[in-house]
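For reference, run-v3.tsv (TSV, C-alpha atoms and all ligand atoms):
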chain	number	residue	atom	x	y	z
R	1	MET	CA	143.01	117.49	142.13
R	2	LYS	CA	142.79	120.02	139.30
R	3	THR	CA	144.21	123.51	139.71
R	4	ILE	CA	142.76	126.54	137.95
R	5	TYR	CA	145.38	129.22	137.28
R	6	SER	CA	145.68	132.31	135.08
R	7	PRO	CA	148.93	134.12	134.19
R	8	ARG	CA	146.90	137.34	134.11
R	9	HIS	CA	147.65	137.80	137.81
R	10	HIS	CA	151.11	139.04	136.69
R	11	GLY	CA	149.68	142.44	135.73
R	12	HIS	CA	149.05	143.19	139.40
R	13	ALA	CA	152.72	143.92	140.13
R	14	GLY	CA	155.05	146.57	141.45
R	15	ASN	CA	152.55	147.91	144.00
R	16	VAL	CA	153.69	149.55	147.20
R	17	GLU	CA	152.09	149.55	150.66
R	18	LEU	CA	152.45	151.46	153.90
R	19	VAL	CA	154.23	149.64	156.73
R	20	ALA	CA	155.07	151.46	159.95
R	21	GLY	CA	154.82	154.81	158.22
R	22	ALA	CA	157.09	153.84	155.34
R	23	VAL	CA	156.33	153.00	151.72
R	24	VAL	CA	157.62	149.51	150.88
R	25	PRO	CA	157.04	146.97	148.08
R	26	ALA	CA	153.74	145.17	148.68
R	27	PHE	CA	154.06	141.76	150.38
R	28	GLU	CA	151.28	140.47	148.13
R	29	MET	CA	153.43	139.95	145.01
R	30	PRO	CA	153.26	137.89	141.77
R	31	SER	CA	155.93	135.39	142.82
R	32	ARG	CA	153.49	134.07	145.44
R	33	ALA	CA	151.26	132.50	142.80
R	34	GLU	CA	154.26	131.30	140.78
R	35	TYR	CA	155.81	129.42	143.73
R	36	ILE	CA	152.46	127.71	144.29
R	37	ARG	CA	152.06	126.87	140.60
R	38	SER	CA	155.56	125.34	140.40
R	39	ARG	CA	154.94	123.27	143.53
R	40	VAL	CA	151.65	121.98	142.07
R	41	GLU	CA	153.71	120.85	139.06
R	42	ALA	CA	156.57	119.43	141.14
R	43	VAL	CA	154.36	117.15	143.21
R	44	LYS	CA	152.18	116.28	140.18
R	45	LEU	CA	149.03	117.29	142.03
R	46	GLY	CA	147.07	117.17	138.77
R	47	PRO	CA	146.43	119.22	135.65
R	48	ILE	CA	146.73	123.01	135.71
R	49	LEU	CA	143.95	124.51	133.62
R	50	ALA	CA	143.10	128.01	132.44
R	51	PRO	CA	139.88	129.61	133.69
R	52	ASN	CA	136.87	130.28	131.50
R	53	GLU	CA	135.56	133.83	131.30
R	54	HIS	CA	132.60	134.35	133.64
R	55	ASP	CA	130.19	137.27	133.63
R	56	ILE	CA	131.14	139.81	136.28
R	57	ALA	CA	127.42	139.90	137.13
R	58	ILE	CA	128.18	136.79	139.23
R	59	ALA	CA	130.25	138.95	141.61
R	60	LYS	CA	127.36	141.42	141.88
R	61	ARG	CA	125.34	138.75	143.69
R	62	VAL	CA	127.56	139.36	146.76
R	63	HIS	CA	128.95	142.82	146.04
R	64	ARG	CA	127.13	146.10	145.41
R	65	ALA	CA	126.94	146.70	141.67
R	66	ASP	CA	128.32	150.25	141.92
R	67	PHE	CA	131.40	148.93	143.76
R	68	ILE	CA	132.12	146.28	141.12
R	69	ASP	CA	131.56	148.84	138.34
R	70	PHE	CA	134.02	151.20	140.04
R	71	LEU	CA	136.95	148.73	140.07
R	72	PRO	CA	137.83	148.82	136.32
R	73	THR	CA	137.63	152.63	136.32
R	74	VAL	CA	140.27	153.18	139.03
R	75	TRP	CA	143.43	153.00	136.97
R	76	PRO	CA	142.07	155.05	134.02
R	77	LEU	CA	140.84	157.74	136.45
R	78	TRP	CA	144.19	157.70	138.30
R	79	VAL	CA	146.11	158.23	135.06
R	80	GLU	CA	143.60	160.84	133.85
R	81	SER	CA	144.27	162.85	137.01
R	82	GLY	CA	147.98	162.93	136.16
R	83	ARG	CA	149.33	160.24	138.50
R	84	ASP	CA	151.37	157.11	138.04
R	85	GLY	CA	152.89	154.63	140.51
R	86	THR	CA	150.39	152.95	142.86
R	87	ALA	CA	146.80	154.13	143.24
R	88	MET	CA	145.69	154.04	146.88
R	89	PRO	CA	143.20	155.82	149.13
R	90	TYR	CA	144.11	158.13	151.99
R	91	THR	CA	140.79	159.14	153.56
R	92	TRP	CA	137.77	157.12	154.71
R	93	PRO	CA	134.20	157.79	155.88
R	94	THR	CA	134.61	156.61	159.49
R	95	ARG	CA	132.31	157.36	162.50
R	96	GLY	CA	130.80	160.83	162.33
R	97	LEU	CA	131.34	161.21	158.58
R	98	ARG	CA	128.93	160.58	155.69
R	99	GLY	CA	129.32	157.03	154.38
R	100	ASP	CA	126.11	157.22	152.38
R	101	VAL	CA	127.14	159.83	149.81
R	102	ARG	CA	129.52	158.93	146.99
R	103	PRO	CA	131.70	161.95	146.32
R	104	GLN	CA	133.47	162.80	143.07
R	105	GLY	CA	137.08	162.33	142.02
R	106	ILE	CA	139.40	159.39	142.28
R	107	ASP	CA	140.83	160.07	145.77
R	108	ALA	CA	137.40	160.42	147.37
R	109	GLN	CA	136.01	157.36	145.63
R	110	LEU	CA	139.00	155.18	146.50
R	111	GLY	CA	138.29	156.02	150.14
R	112	TYR	CA	134.54	155.52	149.75
R	113	TYR	CA	135.08	152.00	148.38
R	114	SER	CA	137.73	150.72	150.83
R	115	PHE	CA	138.53	150.27	154.52
R	116	ASP	CA	142.32	150.65	154.35
R	117	ALA	CA	145.18	151.63	152.02
R	118	GLY	CA	146.07	148.00	151.37
R	119	ALA	CA	144.12	147.26	148.18
R	120	THR	CA	146.21	149.17	145.67
R	121	PHE	CA	145.95	149.48	141.91
R	122	VAL	CA	148.43	149.51	139.03
R	123	ALA	CA	147.76	149.26	135.29
R	124	GLY	CA	147.13	145.50	135.29
R	125	THR	CA	145.19	145.29	138.53
R	126	TRP	CA	141.65	145.16	137.15
R	127	ASP	CA	142.59	142.41	134.68
R	128	ALA	CA	144.16	140.41	137.51
R	129	ILE	CA	141.07	140.92	139.73
R	130	LYS	CA	138.81	139.72	136.91
R	131	SER	CA	141.02	136.70	136.18
R	132	SER	CA	141.17	135.79	139.87
R	133	HIS	CA	137.36	135.77	139.99
R	134	ASP	CA	137.24	133.70	136.78
R	135	VAL	CA	139.64	131.23	138.43
R	136	ALA	CA	137.36	130.84	141.45
R	137	ILE	CA	134.15	130.39	139.46
R	138	THR	CA	135.77	127.99	136.99
R	139	ALA	CA	137.09	125.84	139.86
R	140	ALA	CA	133.63	125.97	141.47
R	141	GLY	CA	132.27	124.61	138.19
R	142	LEU	CA	134.54	121.57	138.48
R	143	VAL	CA	133.20	120.83	141.97
R	144	LYS	CA	129.62	121.34	140.80
R	145	ALA	CA	130.34	118.92	137.93
R	146	GLY	CA	131.30	116.21	140.41
R	147	GLU	CA	135.01	116.57	141.24
R	148	ARG	CA	135.69	115.79	144.88
R	149	ALA	CA	137.78	118.97	145.14
R	150	ALA	CA	139.32	121.71	143.02
R	151	PHE	CA	142.01	124.29	143.74
R	152	ALA	CA	141.42	127.91	142.68
R	153	LEU	CA	144.88	129.48	142.59
R	154	CYS	CA	143.46	132.97	143.02
R	155	ARG	CA	145.60	136.09	143.03
R	156	PRO	CA	144.75	138.73	144.19
R	157	PRO	CA	143.06	137.20	147.24
R	158	GLY	CA	139.53	138.13	148.32
R	159	HIS	CA	138.43	137.49	151.90
R	160	HIS	CA	138.84	141.08	153.18
R	161	ALA	CA	136.63	142.50	150.41
R	162	GLY	CA	133.10	143.28	151.61
R	163	ALA	CA	129.88	144.02	149.77
R	164	ALA	CA	131.03	147.54	148.86
R	165	PHE	CA	134.67	147.83	149.86
R	166	ALA	CA	138.18	146.64	149.00
R	167	GLY	CA	141.06	146.36	151.50
R	168	GLY	CA	143.89	144.14	152.70
R	169	TYR	CA	145.10	143.18	149.18
R	170	CYS	CA	141.51	142.13	148.31
R	171	PHE	CA	139.07	143.53	145.73
R	172	ILE	CA	136.47	140.93	144.75
R	173	ASN	CA	135.70	138.30	147.39
R	174	ASN	CA	136.40	135.20	145.31
R	175	ALA	CA	135.36	132.70	147.99
R	176	ALA	CA	132.11	134.55	148.75
R	177	SER	CA	131.24	134.85	145.07
R	178	ALA	CA	131.91	131.13	144.54
R	179	ALA	CA	129.78	130.25	147.57
R	180	GLN	CA	126.92	132.36	146.19
R	181	TRP	CA	127.40	130.73	142.79
R	182	PHE	CA	126.86	127.32	144.41
R	183	VAL	CA	123.66	128.64	146.02
R	184	ASP	CA	122.50	129.98	142.65
R	185	GLN	CA	123.24	126.57	141.13
R	186	GLY	CA	120.91	124.93	143.64
R	187	ALA	CA	122.94	124.32	146.82
R	188	LYS	CA	120.71	124.63	149.88
R	189	ARG	CA	123.56	125.16	152.34
R	190	VAL	CA	127.18	126.20	151.75
R	191	ALA	CA	129.91	126.36	154.42
R	192	ILE	CA	132.98	128.59	154.20
R	193	LEU	CA	135.97	127.64	156.34
R	194	ASP	CA	138.57	130.43	156.44
R	195	VAL	CA	141.96	129.27	157.75
R	196	ASP	CA	143.95	132.36	156.68
R	197	TYR	CA	145.85	134.03	159.55
R	198	HIS	CA	143.75	137.19	159.14
R	199	HIS	CA	140.04	137.35	159.89
R	200	GLY	CA	137.96	137.21	156.70
R	201	ASN	CA	135.99	140.33	157.55
R	202	GLY	CA	134.59	140.71	154.05
R	203	THR	CA	133.21	137.18	153.94
R	204	GLN	CA	131.69	137.61	157.40
R	205	GLU	CA	130.01	140.89	156.43
R	206	ILE	CA	128.60	139.52	153.19
R	207	PHE	CA	126.86	136.52	154.82
R	208	TYR	CA	126.24	137.92	158.33
R	209	ARG	CA	122.45	137.94	158.04
R	210	ARG	CA	122.14	134.67	156.12
R	211	GLY	CA	121.49	131.15	157.35
R	212	ASP	CA	122.19	129.44	154.02
R	213	VAL	CA	125.94	130.16	154.18
R	214	LEU	CA	127.80	129.17	157.35
R	215	VAL	CA	131.03	131.16	157.84
R	216	VAL	CA	133.74	129.76	160.15
R	217	ASN	CA	136.92	131.79	160.69
R	218	LEU	CA	140.22	130.86	162.47
R	219	HIS	CA	142.49	133.89	162.90
R	220	GLY	CA	144.65	136.24	164.93
R	221	ASP	CA	142.68	138.02	167.66
R	222	PRO	CA	141.47	141.35	166.22
R	223	MET	CA	142.25	143.03	169.56
R	224	VAL	CA	145.89	142.89	168.43
R	225	GLU	CA	145.84	141.84	164.79
R	226	TYR	CA	144.74	143.15	161.41
R	227	PRO	CA	141.94	143.75	160.36
R	228	PHE	CA	141.33	144.90	163.99
R	229	PHE	CA	137.70	145.96	163.58
R	230	LEU	CA	135.95	142.61	163.13
R	231	GLY	CA	136.50	138.97	164.05
R	232	HIS	CA	135.62	138.69	167.76
R	233	ALA	CA	134.12	135.51	169.22
R	234	ASP	CA	130.82	137.24	170.08
R	235	GLU	CA	130.04	137.93	166.40
R	236	ARG	CA	127.62	135.09	165.76
R	237	GLY	CA	125.45	136.37	162.91
R	238	GLU	CA	122.20	138.35	162.94
R	239	GLY	CA	118.53	137.77	162.13
R	240	PRO	CA	118.22	134.74	159.86
R	241	GLY	CA	122.03	134.45	160.12
R	242	GLU	CA	122.03	134.13	163.92
R	243	GLY	CA	124.34	131.26	164.87
R	244	PHE	CA	125.75	130.88	161.34
R	245	ASN	CA	128.92	132.93	161.85
R	246	VAL	CA	131.64	131.38	164.01
R	247	ASN	CA	134.92	133.08	164.98
R	248	TYR	CA	137.96	131.51	166.63
R	249	PRO	CA	140.30	134.42	167.45
R	250	MET	CA	143.68	133.24	168.79
R	251	PRO	CA	146.63	135.06	170.38
R	252	TRP	CA	149.98	135.89	168.80
R	253	GLY	CA	152.33	132.94	169.10
R	254	THR	CA	149.61	130.31	168.60
R	255	THR	CA	151.11	126.92	167.68
R	256	TRP	CA	149.64	123.78	166.11
R	257	GLU	CA	148.35	122.48	169.45
R	258	THR	CA	145.93	125.37	169.97
R	259	TRP	CA	145.28	126.06	166.32
R	260	SER	CA	144.40	122.45	165.51
R	261	ALA	CA	141.95	122.35	168.44
R	262	ALA	CA	140.15	125.33	166.88
R	263	LEU	CA	140.24	123.60	163.49
R	264	GLU	CA	138.67	120.53	165.08
R	265	GLU	CA	135.86	122.60	166.62
R	266	GLY	CA	135.36	124.50	163.39
R	267	CYS	CA	135.17	121.29	161.38
R	268	ARG	CA	132.58	119.92	163.80
R	269	ARG	CA	130.48	123.04	163.27
R	270	VAL	CA	130.74	122.50	159.53
R	271	ALA	CA	129.81	118.81	159.87
R	272	ASP	CA	126.79	119.63	162.09
R	273	TYR	CA	125.60	122.12	159.48
R	274	ALA	CA	125.73	119.34	156.82
R	275	PRO	CA	126.37	121.64	153.86
R	276	ASP	CA	126.04	120.54	150.25
R	277	VAL	CA	129.46	122.00	149.50
R	278	LEU	CA	132.46	123.45	151.37
R	279	VAL	CA	134.53	126.46	150.32
R	280	VAL	CA	137.93	126.75	152.01
R	281	SER	CA	139.60	130.17	152.14
R	282	LEU	CA	143.17	128.89	152.24
R	283	GLY	CA	145.82	131.21	153.64
R	284	VAL	CA	149.20	129.86	154.73
R	285	ASP	CA	150.25	133.04	156.55
R	286	THR	CA	149.79	131.03	159.78
R	287	PHE	CA	153.34	129.80	159.00
R	288	GLU	CA	156.04	130.46	161.63
R	289	LYS	CA	158.22	132.38	159.16
R	290	ASP	CA	155.47	134.55	157.66
R	291	PRO	CA	156.85	138.10	157.57
R	292	ILE	CA	153.58	139.87	158.51
R	293	SER	CA	151.93	137.31	160.80
R	294	LYS	CA	152.46	135.91	164.28
R	295	PHE	CA	151.27	132.30	164.46
R	296	ARG	CA	153.77	129.43	164.55
R	297	LEU	CA	152.52	126.65	162.31
R	298	LYS	CA	155.23	124.53	160.71
R	299	THR	CA	155.53	123.13	157.20
R	300	GLU	CA	154.71	119.65	158.55
R	301	ASP	CA	151.36	120.95	159.87
R	302	TYR	CA	149.85	121.90	156.50
R	303	PRO	CA	149.16	118.35	155.24
R	304	LYS	CA	147.37	117.69	158.55
R	305	ILE	CA	145.04	120.62	157.81
R	306	GLY	CA	144.21	119.10	154.43
R	307	ARG	CA	143.62	115.66	155.91
R	308	ARG	CA	141.22	117.00	158.55
R	309	ILE	CA	139.24	118.98	156.00
R	310	ALA	CA	139.06	115.96	153.68
R	311	GLN	CA	137.58	113.88	156.52
R	312	LEU	CA	134.46	116.05	156.31
R	313	GLY	CA	133.74	114.12	153.13
R	314	LEU	CA	132.28	117.15	151.37
R	315	PRO	CA	132.66	118.41	147.81
R	316	THR	CA	135.33	121.05	148.41
R	317	LEU	CA	136.46	124.17	146.60
R	318	ILE	CA	139.81	125.42	147.89
R	319	VAL	CA	140.38	129.12	147.19
R	320	MET	CA	143.83	130.69	147.68
R	321	GLU	CA	144.00	133.69	150.01
R	322	GLY	CA	147.17	134.85	151.88
R	323	GLY	CA	150.70	133.68	152.69
R	324	TYR	CA	153.75	135.93	152.41
R	325	ALA	CA	156.75	133.70	153.19
R	326	VAL	CA	157.15	133.51	149.44
R	327	GLU	CA	159.85	130.83	149.24
R	328	GLU	CA	157.83	128.44	151.40
R	329	ILE	CA	154.33	129.34	150.18
R	330	GLY	CA	154.29	126.62	147.52
R	331	VAL	CA	155.34	123.82	149.84
R	332	ASN	CA	152.89	124.94	152.53
R	333	ALA	CA	149.85	125.60	150.32
R	334	VAL	CA	150.33	122.47	148.24
R	335	GLY	CA	150.98	120.55	151.47
R	336	VAL	CA	147.36	121.23	152.39
R	337	LEU	CA	146.24	119.95	148.98
R	338	THR	CA	148.29	116.73	149.07
R	339	GLY	CA	147.15	116.16	152.65
R	340	PHE	CA	143.55	116.56	151.45
R	341	GLU	CA	144.10	113.99	148.72
R	342	GLU	CA	145.48	111.48	151.26
R	343	GLY	CA	142.65	112.19	153.75
Y	401	LIG	C1	145.63	139.75	153.50
Y	401	LIG	B1	145.29	138.29	153.71
Y	401	LIG	C2	150.31	147.40	156.74
Y	401	LIG	C3	149.97	146.03	157.18
Y	401	LIG	C4	148.63	145.64	156.64
Y	401	LIG	C5	147.45	143.87	155.63
Y	401	LIG	C6	147.40	142.38	155.63
Y	401	LIG	C7	146.42	141.85	154.62
Y	401	LIG	C8	146.42	140.36	154.63
Y	401	LIG	N1	150.77	147.40	155.41
Y	401	LIG	N2	148.61	144.29	156.34
Y	401	LIG	O1	144.42	138.04	154.79
Y	401	LIG	O2	146.43	137.43	153.84
Y	402	ZN	ZN	146.02	136.68	155.67
As a first step, turn the structure in this file into structure tokens.
Amino acid sequence: MKTIYSPRHHGHAGNVELVAGAVVPAFEMPSRAEYIRSRVEAVKLGPILAPNEHDIAIAKRVHRADFIDFLPTVWPLWVESGRDGTAMPYTWPTRGLRGDVRPQGIDAQLGYYSFDAGATFVAGTWDAIKSSHDVAITAAGLVKAGERAAFALCRPPGHHAGAAFAGGYCFINNAASAAQWFVDQGAKRVAILDVDYHHGNGTQEIFYRRGDVLVVNLHGDPMVEYPFFLGHADERGEGPGEGFNVNYPMPWGTTWETWSAALEEGCRRVADYAPDVLVVSLGVDTFEKDPISKFRLKTEDYPKIGRRIAQLGLPTLIVMEGGYAVEEIGVNAVGVLTGFEEG
């Protein structure tokens, strides 16, 4: 399997986030992608290739154009207003406030275009966002050209980003944009299987009213887990999308036994849908030692995930999302990929 990777992710570095009322270094850090890259090399998974540049207009097929146009302006506006450090929002248009008017100034607009304080900007963030999207679309091109599978080593991740908002370390929804790219290239049906620990709220929102993209999510129950405000089992899609969104929320402490049963059901839903292509949002924050998550999958479980997904027999684009046990992220993520190649 080929891996698409760009060193431009390195510019998105040194960010901070809020945890339990304190400012700490962001868990989503550059070493994540580097541990994965070195593991891809160590197991000789296949060539590691640079992405091609792709027009950002591709992302505007799933995101609102004004949101995408805002992203490269954040850091320049932040600096222009006399700040340094990490750019992040602190106020949001929740219930009872006006979410339909875009106010002026960087603080107001950061809030207008996000749902939490977790998608933060430094000087190199826009370049990393753009490169991450290029990685996803380039890898999608390999699958379209006939490869059985390709690995998009995206950083930053994307599945929390909605049509017009960033959040949860995510800015552009790489998996959603790639899925739409397949549709635009002629795919009649695309399935997205999101196995990250956190619900892919952005992906769900983007395709909620569509029947041509099936979205299946396995994740921590939003009653107790981030992103809290989406991801329940009764969210099944709307209008033409009715029945084409499937959520498997699971409790804290979930182990392979329960998780793999949900994977089995999710894979059957994908198989019944008979898509032309599968996009996997791959997070390995389901790992027992993940510092921000509460499932208990073990390193030995990850190849089994890959094998089960491979059994679907579909052209498959695997897009990197989360995973914060940095030292083990390479072994776990690449475990899925080697398992896929055996499957
Ligand atoms: C991104 B992905 C407070 C905790 C917020 C946000 C988690 C985002 C996960 N700082 N955590 O789904 O792995
Ligand atoms: Zn996650």
Q.
Just checking: using only C-alpha atoms, which residue out of R:His199, R:Arg95, R:Met88, R:Pro156 ends up closest to Phe229 in chain R?
A. R:His199
Could the residues of chain R that have an atom at most 9 Å from ligand LIG 401 (chain Y) be listed as a Markdown table, each with its closest atom pair and the distance in Å to one decimal, counting only C-alpha atoms and all ligand atoms and ordered by chain and ascending residue number?
| residue | atom | partner | partner_atom | distance |
| --- | --- | --- | --- | --- |
| R:Val16 | CA | Y:LIG401 | N1 | 9.0 |
| R:Glu17 | CA | Y:LIG401 | N1 | 5.4 |
| R:Leu18 | CA | Y:LIG401 | N1 | 4.6 |
| R:Val19 | CA | Y:LIG401 | N1 | 4.3 |
| R:Ala20 | CA | Y:LIG401 | C2 | 7.0 |
| R:Gly21 | CA | Y:LIG401 | C2 | 8.8 |
| R:Val23 | CA | Y:LIG401 | N1 | 8.7 |
| R:Val24 | CA | Y:LIG401 | N1 | 8.5 |
| R:Ala26 | CA | Y:LIG401 | N1 | 7.7 |
| R:Phe27 | CA | Y:LIG401 | N1 | 8.2 |
| R:Glu28 | CA | Y:LIG401 | C1 | 7.8 |
| R:Asp116 | CA | Y:LIG401 | C4 | 8.4 |
| R:Ala117 | CA | Y:LIG401 | N1 | 7.8 |
| R:Gly118 | CA | Y:LIG401 | C5 | 6.1 |
| R:Ala119 | CA | Y:LIG401 | C7 | 8.7 |
| R:Pro157 | CA | Y:LIG401 | B1 | 6.9 |
| R:Gly158 | CA | Y:LIG401 | B1 | 7.9 |
| R:His159 | CA | Y:LIG401 | O1 | 6.7 |
| R:His160 | CA | Y:LIG401 | O1 | 6.6 |
| R:Gly167 | CA | Y:LIG401 | C7 | 7.7 |
| R:Gly168 | CA | Y:LIG401 | C7 | 3.9 |
| R:Tyr169 | CA | Y:LIG401 | C1 | 5.5 |
| R:Cys170 | CA | Y:LIG401 | C1 | 7.0 |
| R:Asp196 | CA | Y:LIG401 | O1 | 6.0 |
| R:Tyr197 | CA | Y:LIG401 | O1 | 6.4 |
| R:His198 | CA | Y:LIG401 | O1 | 4.5 |
| R:His199 | CA | Y:LIG401 | O1 | 6.8 |
| R:Gly200 | CA | Y:LIG401 | O1 | 6.8 |
| R:Tyr226 | CA | Y:LIG401 | C6 | 6.4 |
| R:Pro227 | CA | Y:LIG401 | C5 | 7.3 |
| R:Gly283 | CA | Y:LIG401 | O2 | 6.3 |
| R:Val284 | CA | Y:LIG401 | O2 | 8.1 |
| R:Asp285 | CA | Y:LIG401 | O2 | 6.4 |
| R:Ile292 | CA | Y:LIG401 | N2 | 7.0 |
| R:Ser293 | CA | Y:LIG401 | C6 | 8.5 |
| R:Glu321 | CA | Y:LIG401 | O2 | 5.9 |
| R:Gly322 | CA | Y:LIG401 | O2 | 3.3 |
| R:Gly323 | CA | Y:LIG401 | O2 | 5.8 |
| R:Tyr324 | CA | Y:LIG401 | O2 | 7.6 |
Q. Of the residues R:Glu225, R:Glu238, R:Glu80, R:Glu34, which is the one nearest to ligand ZN 402 (chain Y), using all atoms listed in the file?
A. R:Glu225
Q: Have a look at R:Val62, R:Tyr90, R:Phe171, R:Asp84 and name the one nearest to Val213 in chain R; count all atoms listed in the file.
A: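 Of all the options, R:Val62 lies closest to Val213 in chain R.
CA of Leu71 in chain R is positioned 13.7 Å from CA of Gly105 in chain R.
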Q: Take CA of Phe151 in chain R and CA of Leu337 in chain R and report the distance between them in Å, one decimal.
A: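 CA of Phe151 in chain R sits 8.0 Å away from CA of Leu337 in chain R.
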**Q.** Counting only C-alpha atoms, the option among R:Met250, R:Leu214, R:Val326, R:Leu110 closest to Gly231 in chain R
**A.** R:Met250
Q. Between CA of His9 in chain R and CA of Ala150 in chain R, what is the distance, to one decimal in Å?
A. 18.9 Å
Q: Give the answer as one residue: which of R:Val224, R:Gly202, R:Val195, R:Trp259 has the shortest atom-to-atom distance to ligand ZN 402 (chain Y), using only C-alpha atoms and all ligand atoms?
A: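 For ligand ZN 402 (chain Y), the nearest of the candidates is R:Val195.
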Q: Give me the residues within 10 Å of Glu53 in chain R as a PyMOL selection string, counting all atoms listed in the file and dropping any in the same chain fewer than 3 places off.
A: chain R and resi 50+56+130-131+133-135+137-138
Q.
My list of candidates is R:Ala310, R:Val270, R:Val183, R:Ala325. Which is closest to ligand ZN 402 (chain Y) when distances are computed with all atoms listed in the file?
A.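 So, comparing all the options, the nearest one is R:Ala325.
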(Q) At a cut-off of 12 Å, using all atoms listed in the file, what residues contact Glu300 in chain R? Leave out same-chain residues fewer than 2 positions from it and give the result as a PyMOL selection string. (A) chain R and resi 256+287-288+296-298+302-306+328+331-336+338-339
Grab the residues selected above and save them as a JSON list (two decimals), in the frame of the given file with C-alpha atoms.
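again_7.json written:
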[["chain", "number", "residue", "atom", "x", "y", "z"],
["R", 256, "TRP", "CA", 149.64, 123.78, 166.11],
["R", 287, "PHE", "CA", 153.34, 129.80, 159.00],
["R", 288, "GLU", "CA", 156.04, 130.46, 161.63],
["R", 296, "ARG", "CA", 153.77, 129.43, 164.55],
["R", 297, "LEU", "CA", 152.52, 126.65, 162.31],
["R", 298, "LYS", "CA", 155.23, 124.53, 160.71],
["R", 302, "TYR", "CA", 149.85, 121.90, 156.50],
["R", 303, "PRO", "CA", 149.16, 118.35, 155.24],
["R", 304, "LYS", "CA", 147.37, 117.69, 158.55],
["R", 305, "ILE", "CA", 145.04, 120.62, 157.81],
["R", 306, "GLY", "CA", 144.21, 119.10, 154.43],
["R", 328, "GLU", "CA", 157.83, 128.44, 151.40],
["R", 331, "VAL", "CA", 155.34, 123.82, 149.84],
["R", 332, "ASN", "CA", 152.89, 124.94, 152.53],
["R", 333, "ALA", "CA", 149.85, 125.60, 150.32],
["R", 334, "VAL", "CA", 150.33, 122.47, 148.24],
["R", 335, "GLY", "CA", 150.98, 120.55, 151.47],
["R", 336, "VAL", "CA", 147.36, 121.23, 152.39],
["R", 338, "THR", "CA", 148.29, 116.73, 149.07],
["R", 339, "GLY", "CA", 147.15, 116.16, 152.65]]
Could you give me the centre and size, in Å to one decimal, of an axis-aligned box around all listed atoms of range 233-244 of chain R with 8 Å added on every side, as lines of an AutoDock Vina configuration file?
center_x = 126.2
center_y = 134.6
center_z = 165.0
size_x = 31.9
size_y = 23.5
size_z = 26.2
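The neighbours of Arg236 in chain R here are the residues that come within 10 Å of it, using only C-alpha atoms and leaving out any residue fewer than 2 positions away in the same chain; they are Gln204, Tyr208, Arg209, Val215, Val216, Gly231, His232, Ala233, Asp234, Glu238, Gly241, Glu242, Gly243, Phe244, Asn245, Val246 and Asn247 of chain R.
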